[in-house]
$ cat final.txt   # compact mmCIF, C-alpha atoms
# COMPACT_ATOMS: atom_id res chain seq x y z
CA MET A 10 57.18 -32.07 -72.52
CA GLY A 11 53.52 -32.53 -73.39
CA ARG A 12 51.55 -31.49 -76.41
CA VAL A 13 50.69 -27.82 -76.56
CA THR A 14 47.06 -26.77 -76.41
CA THR A 15 45.86 -23.56 -78.02
CA SER A 16 42.65 -21.88 -79.11
CA THR A 17 44.45 -20.51 -82.19
CA ALA A 18 44.09 -22.40 -85.47
CA ASP A 19 47.15 -24.50 -86.35
CA LEU A 20 48.36 -22.66 -89.45
CA TRP A 21 50.98 -25.39 -90.09
CA HIS A 22 48.38 -28.16 -90.28
CA HIS A 23 48.84 -28.75 -94.02
CA TYR A 24 52.57 -28.16 -94.29
CA GLY A 25 54.73 -31.13 -95.29
CA ARG A 26 51.97 -33.75 -95.35
CA VAL A 27 52.58 -34.91 -98.92
CA ARG A 28 56.30 -35.36 -98.32
CA ALA A 29 55.72 -37.16 -95.03
CA GLY A 30 53.71 -39.79 -96.88
CA SER A 31 56.17 -40.24 -99.74
CA ASP A 32 59.55 -39.69 -98.06
CA PRO A 33 59.66 -40.96 -94.46
CA ALA A 34 63.40 -41.74 -94.37
CA VAL A 35 65.89 -39.94 -92.16
CA PRO A 36 67.59 -37.43 -94.50
CA GLY A 37 71.18 -38.14 -95.43
CA THR A 38 72.04 -34.44 -95.10
CA PHE A 39 70.43 -31.02 -95.12
CA TYR A 40 71.14 -27.60 -96.53
CA TRP A 41 70.59 -24.09 -95.22
CA ASN A 42 69.43 -22.49 -98.46
CA TRP A 43 65.79 -21.88 -99.38
CA GLY A 44 65.80 -24.56 -102.07
CA GLN A 45 67.33 -27.14 -99.70
CA ASP A 46 69.56 -28.29 -102.54
CA ALA A 47 72.87 -26.41 -102.54
CA GLY A 48 75.50 -24.68 -100.46
CA PRO A 49 76.71 -25.49 -96.96
CA GLY A 50 75.16 -28.24 -94.90
CA PRO A 51 75.24 -29.36 -91.27
CA GLU A 52 79.01 -28.88 -91.10
CA VAL A 53 78.24 -25.20 -90.43
CA LEU A 54 77.30 -26.22 -86.88
CA GLY A 55 80.74 -27.72 -86.24
CA ASP A 56 81.47 -30.93 -84.40
CA LEU A 57 78.34 -31.94 -82.51
CA THR A 58 79.72 -35.07 -80.90
CA GLY A 59 78.43 -35.23 -77.33
CA ARG A 60 76.74 -31.84 -77.65
CA CYS A 61 73.24 -30.74 -76.70
CA VAL A 62 71.49 -29.16 -79.67
CA GLY A 63 68.12 -27.45 -80.17
CA ASP A 64 66.17 -27.03 -83.42
CA LEU A 65 63.81 -24.06 -83.09
CA GLY A 66 60.70 -24.39 -85.23
CA ALA A 67 61.65 -27.91 -86.25
CA GLY A 68 58.50 -28.73 -88.22
CA ALA A 69 58.55 -32.42 -89.10
CA ALA A 70 62.04 -32.65 -87.50
CA ARG A 71 63.87 -33.71 -90.65
CA HIS A 72 66.96 -31.64 -89.88
CA ALA A 73 66.97 -32.74 -86.26
CA ALA A 74 66.57 -36.39 -87.27
CA HIS A 75 69.57 -36.10 -89.57
CA LEU A 76 71.74 -34.68 -86.79
CA ALA A 77 70.59 -37.29 -84.27
CA ALA A 78 71.24 -40.16 -86.68
CA HIS A 79 74.51 -39.03 -88.25
CA HIS A 80 76.40 -36.62 -85.96
CA GLN A 81 76.57 -38.32 -82.54
CA PRO A 82 75.14 -35.49 -80.41
CA ALA A 83 74.25 -36.17 -76.81
CA ARG A 84 70.73 -34.98 -77.66
CA VAL A 85 68.81 -32.99 -80.23
CA ASP A 86 65.61 -31.25 -79.12
CA ALA A 87 63.22 -30.64 -82.03
CA VAL A 88 60.90 -27.87 -80.81
CA ASP A 89 57.72 -26.82 -82.59
CA ALA A 90 54.46 -25.23 -81.46
CA SER A 91 52.26 -26.80 -84.15
CA PRO A 92 50.32 -29.85 -82.93
CA ALA A 93 50.18 -31.14 -86.51
CA GLN A 94 53.92 -30.83 -87.00
CA HIS A 95 54.62 -32.40 -83.60
CA ALA A 96 52.43 -35.39 -84.48
CA MET A 97 54.05 -35.76 -87.89
CA ALA A 98 57.57 -35.59 -86.44
CA THR A 99 56.69 -38.17 -83.79
CA ASP A 100 55.30 -40.54 -86.41
CA LEU A 101 58.33 -40.14 -88.67
CA TYR A 102 61.20 -40.05 -86.20
CA GLY A 103 60.00 -41.03 -82.76
CA HIS A 104 62.11 -44.18 -83.10
CA LEU A 105 65.25 -42.03 -82.74
CA ALA A 106 64.50 -41.33 -79.06
CA PRO A 107 66.13 -40.69 -76.65
CA ARG A 108 68.84 -39.04 -78.74
CA LEU A 109 66.08 -37.11 -80.53
CA ARG A 110 63.44 -35.43 -78.35
CA ILE A 111 60.38 -34.12 -80.18
CA ILE A 112 58.95 -31.31 -78.08
CA ALA A 113 55.60 -29.56 -78.48
CA SER A 114 56.17 -25.99 -77.35
CA ASP A 115 56.63 -22.51 -78.71
CA ALA A 116 60.31 -21.68 -78.92
CA VAL A 117 60.36 -18.81 -76.42
CA SER A 118 58.61 -20.74 -73.64
CA HIS A 119 60.87 -23.73 -74.19
CA LEU A 120 64.06 -21.66 -74.13
CA HIS A 121 63.02 -19.89 -70.93
CA ALA A 122 62.78 -23.31 -69.27
CA MET A 123 66.22 -24.42 -70.52
CA THR A 124 68.65 -21.81 -69.22
CA GLY A 125 72.29 -22.72 -69.88
CA THR A 126 71.41 -26.04 -71.53
CA TYR A 127 72.45 -25.93 -75.18
CA ASP A 128 75.81 -25.99 -76.91
CA ALA A 129 74.13 -25.07 -80.20
CA LEU A 130 70.76 -23.75 -81.33
CA TYR A 131 69.68 -23.53 -84.95
CA SER A 132 66.72 -22.78 -87.17
CA VAL A 133 66.20 -23.48 -90.88
CA PHE A 134 63.45 -21.03 -91.89
CA GLY A 135 61.84 -21.93 -88.57
CA ALA A 136 61.11 -20.06 -85.35
CA LEU A 137 63.48 -17.21 -86.19
CA ASP A 138 61.22 -16.37 -89.13
CA PHE A 139 57.91 -16.60 -87.27
CA THR A 140 58.60 -15.33 -83.74
CA ASP A 141 59.26 -11.77 -82.61
CA PRO A 142 63.08 -11.65 -82.45
CA ARG A 143 62.98 -9.22 -79.52
CA ALA A 144 61.52 -12.07 -77.47
CA LEU A 145 63.26 -15.03 -79.07
CA LEU A 146 66.86 -13.86 -79.31
CA PRO A 147 67.35 -13.00 -75.60
CA ALA A 148 65.72 -16.32 -74.69
CA ALA A 149 68.09 -18.15 -77.03
CA ALA A 150 71.12 -16.39 -75.56
CA ALA A 151 70.07 -17.41 -72.06
CA ALA A 152 69.45 -21.03 -73.10
CA LEU A 153 72.94 -21.39 -74.57
CA ARG A 154 75.91 -22.38 -72.47
CA PRO A 155 78.79 -19.86 -72.40
CA GLY A 156 80.47 -20.03 -75.79
CA GLY A 157 77.40 -21.66 -77.35
CA ARG A 158 76.35 -20.84 -80.88
CA LEU A 159 73.15 -19.83 -82.67
CA VAL A 160 72.90 -20.45 -86.42
CA TYR A 161 69.85 -19.77 -88.55
CA SER A 162 68.81 -19.35 -92.15
CA THR A 163 66.13 -16.83 -93.04
CA LEU A 164 64.84 -15.13 -96.16
CA ALA A 165 67.15 -12.42 -97.51
CA HIS A 166 64.11 -10.84 -99.19
CA TYR A 167 60.43 -11.59 -99.60
CA LEU A 168 59.42 -14.35 -101.99
CA ASN A 169 57.81 -11.79 -104.30
CA GLY A 170 61.13 -9.95 -104.55
CA THR A 171 60.28 -7.12 -102.15
CA PRO A 172 63.39 -6.14 -100.16
CA ALA A 173 63.75 -7.19 -96.54
CA ARG A 174 62.57 -4.69 -93.95
CA PRO A 175 64.89 -2.03 -92.49
CA ASP A 176 63.27 -2.40 -89.06
CA ALA A 177 62.12 -5.21 -86.76
CA VAL A 178 58.55 -5.34 -88.05
CA ALA A 179 56.74 -8.43 -89.31
CA ALA A 180 54.71 -8.72 -92.47
CA ASP A 181 51.48 -10.67 -92.89
CA ILE A 182 51.88 -13.56 -95.33
CA PRO A 183 49.25 -15.96 -96.70
CA ALA A 184 48.36 -19.08 -94.70
CA ARG A 185 45.54 -21.62 -94.40
CA THR A 186 43.56 -22.82 -91.41
CA PRO A 187 43.15 -26.61 -90.93
CA ASP A 188 39.78 -26.45 -92.73
CA GLY A 189 41.35 -24.65 -95.69
CA GLU A 190 40.20 -21.09 -95.08
CA ALA A 191 42.56 -18.32 -96.19
CA THR A 192 44.22 -16.32 -93.43
CA THR A 193 47.60 -14.77 -92.67
CA MET A 194 50.52 -15.30 -90.32
CA ARG A 195 53.40 -13.03 -89.31
CA ARG A 196 56.88 -13.46 -90.77
CA TRP A 197 60.00 -11.43 -89.98
CA VAL A 198 62.06 -10.78 -93.15
CA LEU A 199 64.75 -8.35 -92.01
CA GLN A 200 67.85 -6.75 -93.47
CA GLU A 201 71.23 -8.00 -92.25
CA PRO A 202 72.01 -4.85 -90.19
CA VAL A 203 68.68 -5.24 -88.38
CA TRP A 204 69.47 -8.84 -87.42
CA THR A 205 72.96 -7.79 -86.32
CA LYS A 206 71.55 -5.05 -84.09
CA LEU A 207 68.96 -7.36 -82.55
CA LEU A 208 71.56 -10.06 -81.87
CA ASP A 209 73.93 -7.53 -80.30
CA GLU A 210 71.14 -6.20 -78.07
CA ALA A 211 70.35 -9.77 -76.99
CA GLY A 212 73.94 -10.26 -75.82
CA PHE A 213 75.44 -12.17 -78.76
CA THR A 214 78.95 -11.59 -80.09
CA ARG A 215 80.98 -12.72 -83.13
CA ILE A 216 77.98 -12.09 -85.38
CA THR A 217 78.37 -12.97 -89.06
CA ALA A 218 75.95 -13.18 -91.97
CA ASP A 219 76.34 -14.61 -95.48
CA VAL A 220 73.98 -14.48 -98.44
CA LEU A 221 73.37 -17.82 -100.19
CA PRO A 222 72.08 -17.08 -103.71
CA ALA A 223 68.93 -18.80 -104.92
CA SER A 224 69.82 -22.07 -106.63
CA THR A 225 66.95 -21.89 -109.13
CA ASP A 226 64.86 -19.26 -110.88
CA GLY A 227 61.16 -18.79 -110.32
CA SER A 228 58.49 -16.78 -108.55
CA ARG A 229 58.83 -18.67 -105.25
CA THR A 230 62.62 -18.75 -104.95
CA ALA A 231 64.73 -16.49 -102.77
CA ASP A 232 68.23 -15.74 -101.61
CA THR A 233 69.01 -16.95 -98.10
CA LEU A 234 70.62 -15.05 -95.24
CA LEU A 235 72.70 -17.45 -93.11
CA VAL A 236 73.43 -15.90 -89.70
CA SER A 237 75.76 -17.10 -86.95
CA ALA A 238 76.34 -15.65 -83.47
CA TYR A 239 77.80 -16.79 -80.13
CA ARG A 240 76.97 -16.34 -76.49
CA PRO A 241 80.08 -14.88 -74.86
CA SER A 242 82.28 -17.38 -73.01

$ encode --input "final.txt" --output "structure tokens"
Amino acid sequence: MGRVTTSTADLWHHYGRVRAGSDPAVPGTFYWNWGQDAGPGPEVLGDLTGRCVGDLGAGAARHAAHLAAHHQPARVDAVDASPAQHAMATDLYGHLAPRLRIIASDAVSHLHAMTGTYDALYSVFGALDFTDPRALLPAAAAALRPGGRLVYSTLAHYLNGTPARPDAVAADIPARTPDGEATTMRRWVLQEPVWTKLLDEAGFTRITADVLPASTDGSRTADTLLVSAYRPS
């Protein structure tokens, strides 16, 4: 799938650039919590041997690279709409092809083109945080094979401590354009019952959610909501 073109500024242009230059290795593991340093890891997804997996909002594809290198999937698709993140992921982990596919696309468009393809879909503070769930969740359900699973981690509350929203409404959060100008982007930080209702309406079953406490103190730390749901068999 080719590189996306857009007239909208790439608000992820700056994200992860320092780490990409200093830490290009395939990660030995990953975590679901906000601090990326504690709690459950990729074992939450179950046995991925021979499975087709999709990472929604993959960024620099670190999580996807780990799965492709260490968990013997048939394929991992790392999907991200940011041209900067797509280029960074390709530079870092393009050598893992064809087991790892780095795809430049927004998550909803990609999922609509992949009906019944995936055994597992996941997101680590990725597309589930930054895409309207009323569009994304039905598309994810359709892209999963019967019995397939969606797992994602998302903020349990805002980074400033404000509680998550009791309805499916996004908040504007600070961001930067590629030339450094201040702007905002939309982020969905929702209460657990809201996510459960949205998942149920999208056709998911066996919905569970767990709170992973923040592993450190500070003004930019947060508890994590880890959500799992299945497409009916």

$ closest_atom_pairs --input "final.txt" --of "stretch 149-225 of chain A" --to "stretch 126-141 of chain A" --cutoff "9 Å" --atoms "all atoms listed in the file" --output "Markdown table"
| residue | atom | partner | partner_atom | distance |
| --- | --- | --- | --- | --- |
| A:Ala149 | CA | A:Leu130 | CA | 7.5 |
| A:Ala151 | CA | A:Thr126 | CA | 8.7 |
| A:Ala152 | CA | A:Thr126 | CA | 5.6 |
| A:Leu153 | CA | A:Tyr127 | CA | 4.6 |
| A:Arg154 | CA | A:Tyr127 | CA | 5.6 |
| A:Pro155 | CA | A:Asp128 | CA | 8.2 |
| A:Gly156 | CA | A:Asp128 | CA | 7.6 |
| A:Gly157 | CA | A:Asp128 | CA | 4.6 |
| A:Arg158 | CA | A:Ala129 | CA | 4.8 |
| A:Leu159 | CA | A:Leu130 | CA | 4.8 |
| A:Val160 | CA | A:Tyr131 | CA | 4.7 |
| A:Tyr161 | CA | A:Ser132 | CA | 4.6 |
| A:Ser162 | CA | A:Val133 | CA | 5.0 |
| A:Thr163 | CA | A:Phe134 | CA | 5.1 |
| A:Leu164 | CA | A:Phe134 | CA | 7.4 |
| A:Ala177 | CA | A:Asp141 | CA | 8.3 |
| A:Val178 | CA | A:Asp141 | CA | 8.5 |
| A:Ala179 | CA | A:Asp141 | CA | 7.9 |
| A:Met194 | CA | A:Phe139 | CA | 8.1 |
| A:Arg195 | CA | A:Phe139 | CA | 6.1 |
| A:Arg196 | CA | A:Phe139 | CA | 4.8 |
| A:Trp197 | CA | A:Asp138 | CA | 5.2 |
| A:Val198 | CA | A:Asp138 | CA | 6.9 |

$ closest_residue --input "final.txt" --among "A:Pro33, A:Pro82, A:Leu120, A:Leu146" --to "A:Thr99" --atoms "only C-alpha atoms"
A:Pro33

$ atom_distance --input "final.txt" --atom1 "atom CA of A:Arg240" --atom2 "atom CA of A:Val53"
16.6 Å

$ residues_around --input "final.txt" --residues "A:Ala29" --least-positions-apart "4" --cutoff "10 Å" --atoms "only C-alpha atoms" --output "list in words"
Tyr24, Gly25, Pro33, Ala34, Ala69, Arg71, Met97, Ala98, Asp100 and Leu101 of chain A

$ atom_distance --input "final.txt" --atom1 "atom CA of A:Phe213" --atom2 "atom CA of A:Pro147"
8.7 Å

$ closest_residue --input "final.txt" --among "A:Leu54, A:Ala223, A:Ala18, A:Leu109" --to "A:Val85" --atoms "all atoms listed in the file"
A:Leu109

$ decode --input "final.txt" --residues "stretch 12-44 of chain A" --atoms "N, CA and C atoms" --output "compact mmCIF listing (two decimals), in the first residue's frame"
# COMPACT_ATOMS: atom_id res chain seq x y z
N ARG A 12 2.24 5.32 0.06
CA ARG A 12 2.28 6.39 1.05
C ARG A 12 1.03 7.25 0.92
N VAL A 13 0.48 7.62 2.09
CA VAL A 13 -0.70 8.47 2.06
C VAL A 13 -0.30 9.90 1.69
N THR A 14 -1.20 10.59 1.02
CA THR A 14 -1.01 12.01 0.73
C THR A 14 -2.15 12.77 1.39
N THR A 15 -1.86 13.91 1.96
CA THR A 15 -2.87 14.68 2.67
C THR A 15 -2.49 16.14 2.65
N SER A 16 -3.51 17.00 2.68
CA SER A 16 -3.26 18.44 2.78
C SER A 16 -3.18 18.89 4.23
N THR A 17 -3.45 17.96 5.17
CA THR A 17 -3.41 18.28 6.59
C THR A 17 -1.99 18.13 7.10
N ALA A 18 -1.55 19.05 7.97
CA ALA A 18 -0.21 18.96 8.54
C ALA A 18 -0.04 17.66 9.30
N ASP A 19 1.14 17.06 9.18
CA ASP A 19 1.45 15.80 9.87
C ASP A 19 1.79 16.13 11.32
N LEU A 20 0.82 15.95 12.21
CA LEU A 20 1.01 16.33 13.61
C LEU A 20 1.86 15.32 14.38
N TRP A 21 2.29 14.24 13.72
CA TRP A 21 3.20 13.26 14.34
C TRP A 21 4.62 13.38 13.79
N HIS A 22 4.89 14.48 13.10
CA HIS A 22 6.19 14.66 12.45
C HIS A 22 7.35 14.57 13.43
N HIS A 23 7.19 15.13 14.62
CA HIS A 23 8.30 15.21 15.57
C HIS A 23 8.37 14.00 16.50
N TYR A 24 7.31 13.23 16.57
CA TYR A 24 7.21 12.19 17.60
C TYR A 24 8.20 11.05 17.36
N GLY A 25 8.98 10.73 18.40
CA GLY A 25 9.86 9.57 18.35
C GLY A 25 11.17 9.75 17.63
N ARG A 26 11.48 10.93 17.14
CA ARG A 26 12.69 11.12 16.33
C ARG A 26 13.97 10.93 17.14
N VAL A 27 13.99 11.43 18.36
CA VAL A 27 15.19 11.28 19.18
C VAL A 27 15.47 9.81 19.46
N ARG A 28 14.42 9.07 19.82
CA ARG A 28 14.62 7.65 20.12
C ARG A 28 15.03 6.87 18.88
N ALA A 29 14.47 7.22 17.74
CA ALA A 29 14.83 6.51 16.50
C ALA A 29 16.31 6.63 16.20
N GLY A 30 16.91 7.77 16.55
CA GLY A 30 18.33 7.95 16.30
C GLY A 30 19.21 7.26 17.30
N SER A 31 18.72 7.08 18.54
CA SER A 31 19.55 6.51 19.60
C SER A 31 19.27 5.05 19.90
N ASP A 32 18.09 4.55 19.46
CA ASP A 32 17.69 3.19 19.82
C ASP A 32 17.00 2.52 18.63
N PRO A 33 17.78 2.10 17.63
CA PRO A 33 17.16 1.53 16.42
C PRO A 33 16.89 0.03 16.50
N ALA A 34 17.23 -0.62 17.59
CA ALA A 34 17.11 -2.08 17.68
C ALA A 34 15.66 -2.52 17.75
N VAL A 35 15.40 -3.74 17.31
CA VAL A 35 14.08 -4.35 17.50
C VAL A 35 13.89 -4.58 19.00
N PRO A 36 12.82 -4.08 19.60
CA PRO A 36 12.63 -4.25 21.04
C PRO A 36 12.53 -5.72 21.44
N GLY A 37 13.06 -6.02 22.62
CA GLY A 37 12.99 -7.38 23.12
C GLY A 37 11.63 -7.75 23.67
N THR A 38 10.82 -6.76 24.00
CA THR A 38 9.45 -6.96 24.46
C THR A 38 8.72 -5.64 24.34
N PHE A 39 7.47 -5.62 24.77
CA PHE A 39 6.78 -4.35 24.95
C PHE A 39 5.74 -4.51 26.05
N TYR A 40 5.29 -3.37 26.54
CA TYR A 40 4.28 -3.34 27.60
C TYR A 40 3.09 -2.52 27.13
N TRP A 41 1.96 -2.74 27.81
CA TRP A 41 0.73 -2.05 27.45
C TRP A 41 0.54 -0.77 28.26
N ASN A 42 1.27 -0.61 29.36
CA ASN A 42 1.01 0.54 30.22
C ASN A 42 1.59 1.82 29.64
N TRP A 43 1.14 2.96 30.17
CA TRP A 43 1.56 4.26 29.65
C TRP A 43 3.07 4.44 29.74
N GLY A 44 3.67 3.99 30.83
CA GLY A 44 5.11 4.16 30.99
C GLY A 44 5.95 3.19 30.18
